[in-house]
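Asks: For reference, this is coords_36.cif, and it has mmCIF, C-alpha atoms.
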```cif
data_target
loop_
_atom_site.label_atom_id
_atom_site.label_comp_id
_atom_site.auth_asym_id
_atom_site.auth_seq_id
_atom_site.Cartn_x
_atom_site.Cartn_y
_atom_site.Cartn_z
CA MET I 63 39.87 -46.42 57.48
CA ILE I 64 41.29 -49.96 57.44
CA ALA I 65 44.76 -48.42 57.25
CA LEU I 66 44.08 -46.42 60.42
CA LEU I 67 42.82 -49.53 62.23
CA MET I 68 45.86 -51.52 61.16
CA ARG I 69 48.19 -48.70 62.19
CA ASP I 70 46.64 -48.42 65.65
CA LEU I 71 46.73 -52.18 66.20
CA ARG I 72 50.34 -52.30 65.02
CA LEU I 73 51.30 -49.43 67.34
CA ALA I 74 49.58 -51.21 70.23
CA MET I 75 51.64 -54.34 69.60
CA ARG I 76 54.96 -52.50 69.36
CA ALA I 77 57.08 -51.70 72.41
CA GLY I 78 55.37 -49.20 74.67
CA GLY I 79 52.09 -49.59 72.83
CA GLY I 80 50.21 -50.82 75.87
CA PHE I 81 48.79 -54.08 74.56
CA GLY I 82 48.33 -56.43 77.49
CA LEU I 83 48.72 -53.60 79.99
CA GLY I 84 44.97 -53.36 80.64
CA LEU I 85 44.74 -57.13 80.71
CA ALA I 86 47.53 -57.43 83.31
CA PHE I 87 45.91 -54.68 85.35
CA PHE I 88 42.55 -56.49 85.26
CA LEU I 89 44.29 -59.66 86.38
CA MET I 90 46.00 -57.87 89.29
CA VAL I 91 42.82 -56.20 90.52
CA VAL I 92 40.83 -59.40 90.45
CA VAL I 93 43.62 -61.37 92.14
CA LEU I 94 44.09 -58.73 94.85
CA VAL I 95 40.43 -58.63 95.86
CA PRO I 96 40.25 -62.22 97.23
CA LEU I 97 43.52 -61.57 99.05
CA GLY I 98 42.00 -58.49 100.67
CA VAL I 99 38.54 -59.86 101.35
CA GLY I 100 39.67 -63.24 102.62
CA PRO I 101 38.91 -66.76 101.47
CA GLU I 102 35.21 -66.84 102.28
CA PHE I 103 33.58 -68.46 99.28
CA ALA I 104 30.10 -67.10 99.97
CA VAL I 105 31.30 -63.50 100.22
CA LEU I 106 33.44 -63.81 97.08
CA ARG I 107 30.60 -65.37 95.14
CA ARG I 108 28.33 -62.49 96.12
CA ILE I 109 30.75 -59.73 95.12
CA ALA I 110 32.20 -61.50 92.04
CA PRO I 111 30.08 -59.77 89.33
CA GLY I 112 30.75 -56.33 90.80
CA VAL I 113 34.48 -56.87 91.20
CA LEU I 114 34.87 -58.29 87.71
CA TRP I 115 33.00 -55.39 86.16
CA VAL I 116 34.78 -52.69 88.18
CA GLY I 117 38.06 -54.33 87.25
CA ALA I 118 37.11 -54.23 83.57
CA LEU I 119 36.09 -50.56 83.88
CA LEU I 120 39.41 -49.57 85.44
CA ALA I 121 41.42 -51.63 82.99
CA CYS I 122 39.67 -49.87 80.10
CA LEU I 123 40.31 -46.49 81.66
CA LEU I 124 44.02 -47.21 81.99
CA SER I 125 44.89 -46.80 78.32
CA LEU I 126 42.31 -44.16 77.39
CA ASP I 127 44.41 -41.06 78.00
CA ARG I 128 46.75 -42.18 75.22
CA LEU I 129 43.97 -42.69 72.70
CA PHE I 130 44.21 -39.23 71.11
CA ALA I 131 46.95 -37.64 73.21
CA LEU I 132 49.80 -39.44 71.44
CA ASP I 133 48.47 -38.47 68.00
CA PHE I 134 47.97 -34.93 69.24
CA GLU I 135 51.52 -34.62 70.54
CA ASP I 136 53.27 -35.82 67.40
CA GLY I 137 51.02 -33.84 65.06
CA SER I 138 49.25 -36.86 63.52
CA LEU I 139 45.86 -35.71 64.79
CA GLU I 140 46.13 -32.43 62.88
CA LEU I 141 47.09 -34.36 59.77
CA LEU I 142 44.19 -36.77 60.25
CA ALA I 143 41.90 -33.76 60.60
CA THR I 144 43.01 -32.55 57.17
CA ALA I 145 42.97 -36.06 55.63
CA PRO I 146 40.04 -37.27 53.51
CA ILE I 147 38.61 -39.32 56.41
CA PRO I 148 35.83 -37.68 58.45
CA MET I 149 36.85 -37.09 62.06
CA GLU I 150 33.81 -39.13 63.17
CA GLY I 151 35.28 -42.08 61.29
CA VAL I 152 38.67 -41.51 62.93
CA VAL I 153 37.03 -41.59 66.37
CA ALA I 154 35.00 -44.71 65.55
CA ILE I 155 38.04 -46.56 64.20
CA LYS I 156 40.25 -45.58 67.11
CA SER I 157 37.55 -46.70 69.54
CA LEU I 158 37.32 -50.01 67.72
CA ALA I 159 41.09 -50.43 67.90
CA HIS I 160 40.96 -49.62 71.62
CA TRP I 161 38.27 -52.24 72.14
CA LEU I 162 40.20 -54.85 70.18
CA VAL I 163 43.29 -54.42 72.36
CA THR I 164 41.52 -54.00 75.74
CA GLY I 165 37.80 -54.88 75.82
CA LEU I 166 37.98 -58.03 73.73
CA PRO I 167 40.92 -59.65 75.61
CA LEU I 168 39.23 -58.73 78.91
CA THR I 169 36.07 -60.46 77.77
CA LEU I 170 37.92 -63.59 76.76
CA ILE I 171 39.99 -63.90 79.93
CA ALA I 172 37.11 -63.05 82.31
CA PRO I 173 35.92 -66.69 82.85
CA VAL I 174 39.37 -67.63 84.14
CA LEU I 175 39.26 -64.80 86.64
CA ALA I 176 35.66 -65.62 87.52
CA LEU I 177 37.05 -68.92 88.81
CA LEU I 178 39.28 -66.97 91.21
CA MET I 179 36.24 -65.03 92.38
CA ASN I 180 34.25 -68.24 92.85
CA LEU I 181 31.48 -67.09 90.52
CA ALA I 182 28.73 -69.70 90.10
CA PRO I 183 29.46 -71.76 86.94
CA GLU I 184 26.06 -70.83 85.50
CA GLY I 185 27.25 -67.22 85.42
CA TYR I 186 30.31 -67.77 83.19
CA VAL I 187 28.43 -67.58 79.92
CA TRP I 188 26.55 -64.50 80.99
CA LEU I 189 29.73 -62.83 82.21
CA VAL I 190 31.23 -63.22 78.74
CA VAL I 191 28.01 -62.11 77.05
CA ALA I 192 27.67 -59.07 79.32
CA LEU I 193 31.30 -58.02 78.83
CA ALA I 194 31.09 -58.55 75.07
CA LEU I 195 28.00 -56.33 74.95
CA GLY I 196 29.19 -53.75 77.47
CA THR I 197 32.89 -53.20 76.81
CA PRO I 198 32.37 -51.54 73.39
CA ALA I 199 30.45 -48.83 75.25
CA LEU I 200 33.40 -48.41 77.61
CA SER I 201 35.73 -47.78 74.66
CA VAL I 202 33.40 -45.34 72.88
CA ILE I 203 32.50 -43.40 76.03
CA GLY I 204 36.18 -43.35 76.88
CA ALA I 205 37.02 -42.02 73.42
CA PHE I 206 34.58 -39.18 74.02
CA GLY I 207 36.29 -38.38 77.33
CA ALA I 208 39.70 -38.59 75.68
CA ALA I 209 38.53 -36.23 72.93
CA LEU I 210 37.35 -33.70 75.51
CA THR I 211 40.69 -33.72 77.31
CA VAL I 212 43.02 -33.95 74.30
CA GLY I 213 45.61 -31.19 74.39
CA LEU I 214 45.45 -30.79 78.16
CA LYS I 215 48.69 -31.44 79.99
CA ARG I 216 48.13 -34.29 82.45
CA GLY I 217 44.53 -34.66 81.37
CA GLY I 218 44.46 -38.26 82.57
CA LEU I 219 42.92 -37.58 85.96
CA LEU I 220 40.31 -35.23 84.54
CA LEU I 221 39.55 -37.91 81.97
CA SER I 222 38.86 -40.43 84.73
CA LEU I 223 36.58 -38.00 86.54
CA LEU I 224 34.65 -37.32 83.32
CA VAL I 225 34.41 -40.89 82.11
CA LEU I 226 33.75 -42.96 85.24
CA PRO I 227 30.32 -41.42 85.96
CA MET I 228 29.35 -42.12 82.34
CA TYR I 229 30.29 -45.77 82.90
CA VAL I 230 27.63 -46.15 85.62
CA PRO I 231 24.74 -47.43 83.43
CA THR I 232 26.98 -50.02 81.79
CA LEU I 233 28.27 -51.10 85.22
CA ILE I 234 24.77 -51.41 86.71
CA PHE I 235 23.21 -53.37 83.86
CA GLY I 236 26.38 -55.40 83.26
CA THR I 237 26.62 -56.63 86.85
CA GLU I 238 22.87 -57.22 86.93
CA VAL I 239 23.13 -59.57 83.94
CA VAL I 240 25.92 -61.55 85.61
CA LYS I 241 24.18 -61.63 89.01
CA ARG I 242 20.94 -62.90 87.53
CA GLY I 243 22.71 -65.30 85.21
CA ALA I 244 24.65 -66.81 88.13
CA VAL I 245 21.43 -67.70 90.01
CA GLY I 246 19.46 -68.64 86.92
CA MET I 247 17.02 -65.69 87.04
CA GLU I 248 15.38 -64.10 84.03
CA LEU I 249 17.82 -61.49 82.65
CA GLY I 250 16.29 -60.15 79.44
CA THR I 251 15.68 -56.64 80.75
CA PRO I 252 19.18 -55.76 81.97
CA LEU I 253 20.66 -57.42 78.90
CA LEU I 254 18.56 -55.24 76.59
CA PHE I 255 19.42 -52.13 78.59
CA LEU I 256 23.10 -53.01 78.43
CA ALA I 257 22.90 -53.45 74.66
CA GLY I 258 20.88 -50.23 74.40
CA VAL I 259 23.51 -48.20 76.24
CA THR I 260 26.21 -49.61 73.98
CA LEU I 261 24.31 -48.97 70.76
CA ALA I 262 23.33 -45.44 71.78
CA SER I 263 26.91 -44.55 72.69
CA MET I 264 28.20 -46.04 69.46
CA ALA I 265 25.69 -44.03 67.46
CA LEU I 266 26.02 -40.66 69.19
CA LEU I 267 29.40 -40.32 70.86
CA PRO I 268 31.70 -40.47 67.80
CA ILE I 269 29.92 -37.35 66.53
CA ALA I 270 30.31 -35.58 69.86
CA ALA I 271 33.93 -36.71 70.18
CA ALA I 272 34.76 -35.47 66.67
CA ALA I 273 33.30 -32.07 67.52
CA ALA I 274 35.37 -31.97 70.72
CA ILE I 275 38.56 -32.82 68.83
CA ARG I 276 37.93 -30.14 66.21
CA ALA I 277 37.36 -27.59 68.96
CA ASN I 278 40.53 -28.69 70.77
CA LEU I 279 42.65 -28.44 67.62
CA LYS I 280 41.77 -24.79 67.05
CA MET U 230 42.11 -24.72 39.63
CA ASP U 231 43.22 -21.40 41.07
CA MET U 232 43.16 -20.86 44.78
CA VAL U 233 41.56 -17.52 45.50
CA ALA U 234 41.62 -15.98 48.97
CA THR U 235 39.67 -12.80 49.56
CA ASN U 236 39.91 -10.49 52.54
CA LEU U 237 40.91 -13.13 55.07
CA ALA U 238 41.14 -12.41 58.76
CA VAL U 239 42.50 -14.87 61.30
CA ALA U 240 42.75 -14.85 65.08
CA ARG U 241 45.04 -16.57 67.54
CA GLY U 242 43.97 -16.98 71.17
CA GLY U 243 40.92 -14.79 70.59
CA GLN U 244 43.10 -11.93 69.32
CA ARG U 245 42.89 -11.02 65.66
CA VAL U 246 46.38 -11.14 64.11
CA LEU U 247 45.87 -10.67 60.36
CA GLU U 248 43.13 -9.03 58.35
CA GLY U 249 42.49 -8.09 54.76
CA VAL U 250 44.75 -10.83 53.33
CA SER U 251 43.94 -11.51 49.67
CA PHE U 252 45.89 -13.53 47.14
CA ARG U 253 45.54 -15.80 44.15
CA LEU U 254 47.61 -18.93 43.63
CA THR U 255 47.61 -20.46 40.18
CA PRO U 256 48.79 -24.02 39.39
CA GLY U 257 52.56 -24.22 39.03
CA GLU U 258 53.12 -21.29 41.34
CA VAL U 259 54.78 -20.86 44.75
CA LEU U 260 53.81 -18.13 47.13
CA VAL U 261 56.20 -17.52 50.01
CA LEU U 262 54.80 -15.86 53.12
CA ARG U 263 57.23 -13.62 54.90
CA GLY U 264 56.91 -11.67 58.11
CA ALA U 265 58.32 -11.41 61.61
CA ASN U 266 57.70 -14.06 64.29
CA GLY U 267 54.16 -13.85 65.60
CA ILE U 268 52.77 -12.06 62.56
CA GLY U 269 50.34 -14.92 61.94
CA LYS U 270 51.90 -17.09 59.21
CA THR U 271 51.18 -20.33 61.01
CA THR U 272 47.70 -19.19 61.99
CA LEU U 273 46.90 -18.31 58.39
CA LEU U 274 48.16 -21.67 57.11
CA ARG U 275 46.25 -23.60 59.79
CA ALA U 276 43.08 -21.73 58.89
CA LEU U 277 43.59 -22.49 55.19
CA ALA U 278 44.10 -26.16 56.08
CA GLY U 279 40.72 -26.11 57.82
CA LEU U 280 42.09 -26.57 61.33
CA GLN U 281 40.62 -23.33 62.60
CA PRO U 282 37.96 -20.94 61.33
CA PHE U 283 38.50 -17.65 59.55
CA GLU U 284 37.19 -14.58 61.32
CA ALA U 285 36.28 -13.09 57.98
CA GLY U 286 36.87 -13.59 54.28
CA LYS U 287 36.46 -16.37 51.80
CA VAL U 288 38.66 -19.04 50.21
CA VAL U 289 37.94 -20.98 47.06
CA ALA U 290 40.33 -23.88 46.61
CA ASP U 291 40.82 -27.59 46.11
CA ASP U 292 41.70 -29.80 49.05
CA MET U 293 45.09 -28.95 50.44
CA ALA U 294 47.90 -30.95 52.03
CA TYR U 295 49.25 -29.43 55.21
CA ALA U 296 52.66 -29.87 56.81
CA GLY U 297 53.02 -28.01 60.08
CA HIS U 298 55.69 -27.71 62.73
CA ALA U 299 55.04 -31.22 64.07
CA ASN U 300 56.19 -34.06 61.84
CA GLY U 301 53.26 -36.39 62.46
CA VAL U 302 55.65 -39.34 62.45
CA LYS U 303 55.03 -42.42 64.60
CA ALA U 304 58.27 -43.28 66.39
CA MET U 305 57.56 -47.00 66.69
CA LEU U 306 56.73 -47.52 63.01
CA THR U 307 59.34 -47.84 60.28
CA VAL U 308 59.83 -45.19 57.63
CA ARG U 309 57.93 -47.24 55.07
CA GLU U 310 55.08 -48.04 57.49
CA ASN U 311 54.71 -44.36 58.34
CA LEU U 312 54.58 -43.34 54.71
CA GLY U 313 52.45 -46.32 53.69
CA PHE U 314 49.83 -45.36 56.26
CA TRP U 315 49.41 -41.85 54.87
CA ALA U 316 49.43 -43.17 51.32
CA ALA U 317 46.58 -45.57 52.21
CA VAL U 318 44.62 -42.85 53.99
CA ASN U 319 44.88 -40.63 50.92
CA GLY U 320 44.17 -43.48 48.50
CA VAL U 321 47.63 -43.36 46.91
CA ALA U 322 49.16 -46.75 46.11
CA GLU U 323 52.76 -45.81 45.44
CA VAL U 324 55.28 -44.90 48.15
CA GLU U 325 58.55 -45.85 46.44
CA ALA U 326 58.74 -42.67 44.39
CA ALA U 327 58.28 -40.57 47.51
CA LEU U 328 60.99 -42.52 49.35
CA THR U 329 63.37 -42.03 46.44
CA ALA U 330 62.57 -38.35 46.03
CA LEU U 331 63.57 -37.56 49.59
CA ASP U 332 66.49 -39.97 49.74
CA LEU U 333 64.87 -42.26 52.29
CA VAL U 334 65.34 -45.56 50.44
CA THR U 335 68.24 -46.75 52.58
CA LEU U 336 66.31 -45.83 55.75
CA ARG U 337 63.05 -47.48 54.70
CA ASP U 338 63.07 -50.27 57.29
CA ARG U 339 64.42 -48.20 60.14
CA ARG U 340 62.11 -47.19 63.00
CA ALA U 341 61.33 -43.50 62.94
CA ALA U 342 62.50 -43.32 66.56
CA ASP U 343 66.02 -44.02 65.31
CA LEU U 344 66.03 -41.24 62.71
CA SER U 345 67.77 -37.90 63.16
CA ALA U 346 65.71 -34.72 63.30
CA GLY U 347 66.52 -33.90 59.69
CA GLN U 348 65.65 -37.43 58.52
CA LYS U 349 62.30 -37.24 60.35
CA ARG U 350 61.66 -33.95 58.63
CA ARG U 351 62.38 -35.54 55.26
CA LEU U 352 59.91 -38.29 56.10
CA ALA U 353 57.32 -35.64 56.99
CA LEU U 354 57.93 -33.93 53.64
CA ALA U 355 57.73 -37.24 51.76
CA ARG U 356 54.17 -37.49 53.11
CA LEU U 357 53.24 -34.57 50.83
CA LEU U 358 54.09 -36.67 47.80
CA VAL U 359 51.63 -39.38 48.87
CA SER U 360 48.91 -36.88 49.80
CA GLY U 361 47.52 -36.80 46.28
CA ARG U 362 46.75 -33.10 46.77
CA MET U 363 47.73 -30.34 44.38
CA VAL U 364 48.04 -27.47 46.85
CA TRP U 365 50.66 -27.77 49.60
CA LEU U 366 50.55 -25.62 52.71
CA LEU U 367 54.01 -25.70 54.25
CA ASP U 368 54.92 -24.18 57.58
CA GLU U 369 58.69 -23.82 57.93
CA PRO U 370 59.33 -26.95 55.84
CA THR U 371 63.10 -26.72 56.04
CA VAL U 372 63.46 -26.76 59.85
CA SER U 373 66.40 -29.00 60.84
CA LEU U 374 67.29 -29.79 57.21
CA ASP U 375 70.91 -29.46 56.11
CA ALA U 376 71.92 -27.63 52.93
CA ALA U 377 71.83 -30.79 50.79
CA SER U 378 68.36 -31.70 52.06
CA VAL U 379 67.09 -28.18 51.43
CA ALA U 380 68.28 -28.55 47.83
CA LEU U 381 66.59 -31.97 47.66
CA PHE U 382 63.39 -30.45 48.93
CA GLY U 383 63.72 -27.63 46.39
CA ALA U 384 63.87 -30.26 43.64
CA VAL U 385 60.80 -32.05 45.04
CA LEU U 386 58.92 -28.77 45.15
CA ARG U 387 59.92 -27.95 41.58
CA GLY U 388 58.69 -31.35 40.43
CA HIS U 389 55.38 -30.68 42.16
CA LEU U 390 55.06 -27.36 40.32
CA VAL U 391 55.86 -28.98 36.98
CA ARG U 392 53.02 -31.47 37.59
CA GLY U 393 50.68 -28.49 37.96
CA GLY U 394 50.78 -28.29 41.73
CA SER U 395 51.17 -25.16 43.78
CA ALA U 396 52.43 -24.31 47.25
CA LEU U 397 52.00 -21.74 49.95
CA ILE U 398 55.08 -21.64 52.14
CA ALA U 399 55.88 -19.82 55.35
CA THR U 400 59.64 -19.65 55.66
CA HIS U 401 62.50 -17.41 56.68
CA ILE U 402 65.18 -18.94 54.47
CA ASP U 403 65.88 -18.81 50.76
CA LEU U 404 64.56 -22.00 49.14
CA GLY U 405 66.53 -21.48 45.95
CA LEU U 406 63.39 -21.01 43.89
CA PRO U 407 63.86 -17.85 41.82
CA GLU U 408 60.37 -18.18 40.40
CA ALA U 409 58.75 -18.04 43.84
CA ARG U 410 56.52 -15.03 44.49
CA GLU U 411 56.85 -13.44 47.91
CA THR U 412 54.25 -11.75 50.07
CA ASP U 413 55.15 -9.82 53.18
CA LEU U 414 52.33 -10.11 55.71
CA THR U 415 53.40 -7.07 57.73
CA PRO U 416 50.92 -4.64 56.04
CA TYR U 417 48.07 -6.99 56.96
CA ARG U 418 48.77 -6.93 60.67
CA ALA U 419 45.45 -6.48 62.44
CA VAL U 420 44.87 -3.20 64.22
CA GLN U 421 44.66 -4.01 67.92
CA ARG U 422 41.46 -2.81 69.47
CA LEU U 423 41.77 -0.68 72.58
CA ASP U 424 39.29 -2.84 74.50
CA GLY U 425 41.63 -5.81 74.15
CA ALA U 426 42.04 -6.28 77.88
CA PHE U 427 38.28 -6.53 78.29
CA ASP U 428 38.02 -9.08 75.49
CA GLU U 429 40.79 -11.18 76.94
CA ALA U 430 38.86 -11.78 80.14
CA PHE U 431 36.12 -13.49 78.15
CA ALA U 432 38.26 -15.09 75.47
#
```
Go ahead and render the structure in this file as structure tokens.
Replies:
Amino acid sequence: MIALLMRDLRLAMRAGGGFGLGLAFFLMVVVLVPLGVGPEFAVLRRIAPGVLWVGALLACLLSLDRLFALDFEDGSLELLATAPIPMEGVVAIKSLAHWLVTGLPLTLIAPVLALLMNLAPEGYVWLVVALALGTPALSVIGAFGAALTVGLKRGGLLLSLLVLPMYVPTLIFGTEVVKRGAVGMELGTPLLFLAGVTLASMALLPIAAAAAIRANLK
Amino acid sequence: MDMVATNLAVARGGQRVLEGVSFRLTPGEVLVLRGANGIGKTTLLRALAGLQPFEAGKVVADDMAYAGHANGVKAMLTVRENLGFWAAVNGVAEVEAALTALDLVTLRDRRAADLSAGQKRRLALARLLVSGRMVWLLDEPTVSLDAASVALFGAVLRGHLVRGGSALIATHIDLGLPEARETDLTPYRAVQRLDGAFDEAFA
């Protein structure tokens, strides 16, 4: 299991592995929005939580189609299926690796970008908390989508169509936490819902994703 | 332990290709599967590896190591990293012996992307030695190997047999193993049902 995690992290760092790609994409999206909307501080402050979260969603989505597809193409996925690791474990580890190279860096860089979006300073902490709680769900849900579309030629678009609707609860509760945090409102409820969505996806989706991969390998 | 297959039937794309396949494989033995293209050699091996279900029949066997058409080699990792990963997954500590056995020692720090097709194949075969499994399922193991590498692979296979391992191999060439037992799959070709066209619509 550790070996698989280390391999995926190592592959991500090597040329063409995609580390930093999601991060750069996130940066671009969040920089482009103020340019498009115009320099009105009040407007930017109002849309900041939504823009930051949508940016994070899209950045996560960017690298998902490679999650299982590369292993499928070179035959590694078949070999992993016959290896003494359960497929559920493979999915969980690969989701974790995906989060470590996309979700975690996004979370850490978000306060810098929040500055560009003129988010209220009180919201910074909650932005980081919300992303830290929510982005693992993005990786696991994405892994499920990637498992459903593995083996399809050009499955990337279908993957987006499958995964983005499933991101809606995380988006709603995630932005709610940041919005409330920025104006100093009570935010326990959305925070708990956000954590709940993440925990439920982490508990259930690796099993569903493993079943999808087994079916797709047949 | 013996591997015993009884009355196996396998399907590809919803169409049954082989039925009634039975064999026994004892430790130290090689069984070579012969048959024309499309007869179902790959399908049978994939089913034995657990990648797809049997339509009928029963198999009693230990865990098996599978090497299919794809090499399962990561282009951006070095030879040793590739092999080390599979060794770790299978709980095997030692990769040096496998590198030596397939003459990969001088290539150990080279990225797999920079290997030739035959060298990649040798790397894929070296993976069998770090699988820790006694039964090998090999699908065309000698594809893109030159004569010297085929001989090398023959020696590796013989060593595996001496250690009490066994192998089931689908191949068209002569592996230089006189002791290998051969099975022609042609008699087991499934009888096509006449309602095939109807089935296909719902497959």
Asks: Using the chain letters and numbers from the file, give me the residues hit by the PyMOL selection byres ((chain U and resi 305-320) around 9), as number ranges by chain.
Replies: I: 63-66, 68-69, 72-73, 76-79, 142, 145-147; U: 302-304, 321-325, 327-328, 333-334, 336-342, 344, 349, 352-353, 355-356, 358-362
Asks: For chain I, which of U:Leu273, U:Leu331, U:Val288, U:Ala377 is the closest residue, counting only C-alpha atoms?
Replies: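 Closest residue, counting only C-alpha atoms: U:Leu273.
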Asks: Run the PyMOL selection byres ((chain I and resi 181) around 6) on the file and write out the hits as a ChimeraX atom specification.
Replies: /I:107,110,176,179-180,182
Asks: Using only C-alpha atoms, which of U:Gln421, U:Thr371, U:Asn300, U:Thr415 sits nearest chain I?
Replies: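 Closest residue, counting only C-alpha atoms: U:Asn300.
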Asks: How far is it from CA of Ser222 in chain I to CA of Gly207 in chain I, in Å with one decimal?
Replies: 8.1 Å
Asks: What would the selection look like, as JSON, numbers by chain, if the PyMOL selection byres ((chain U and resi 235-240) around 6) were run on the coordinates I just shared?
Replies: {"U": [234, 241, 243, 244, 245, 246, 247, 248, 249, 250, 251, 283, 284, 285, 286, 287]}
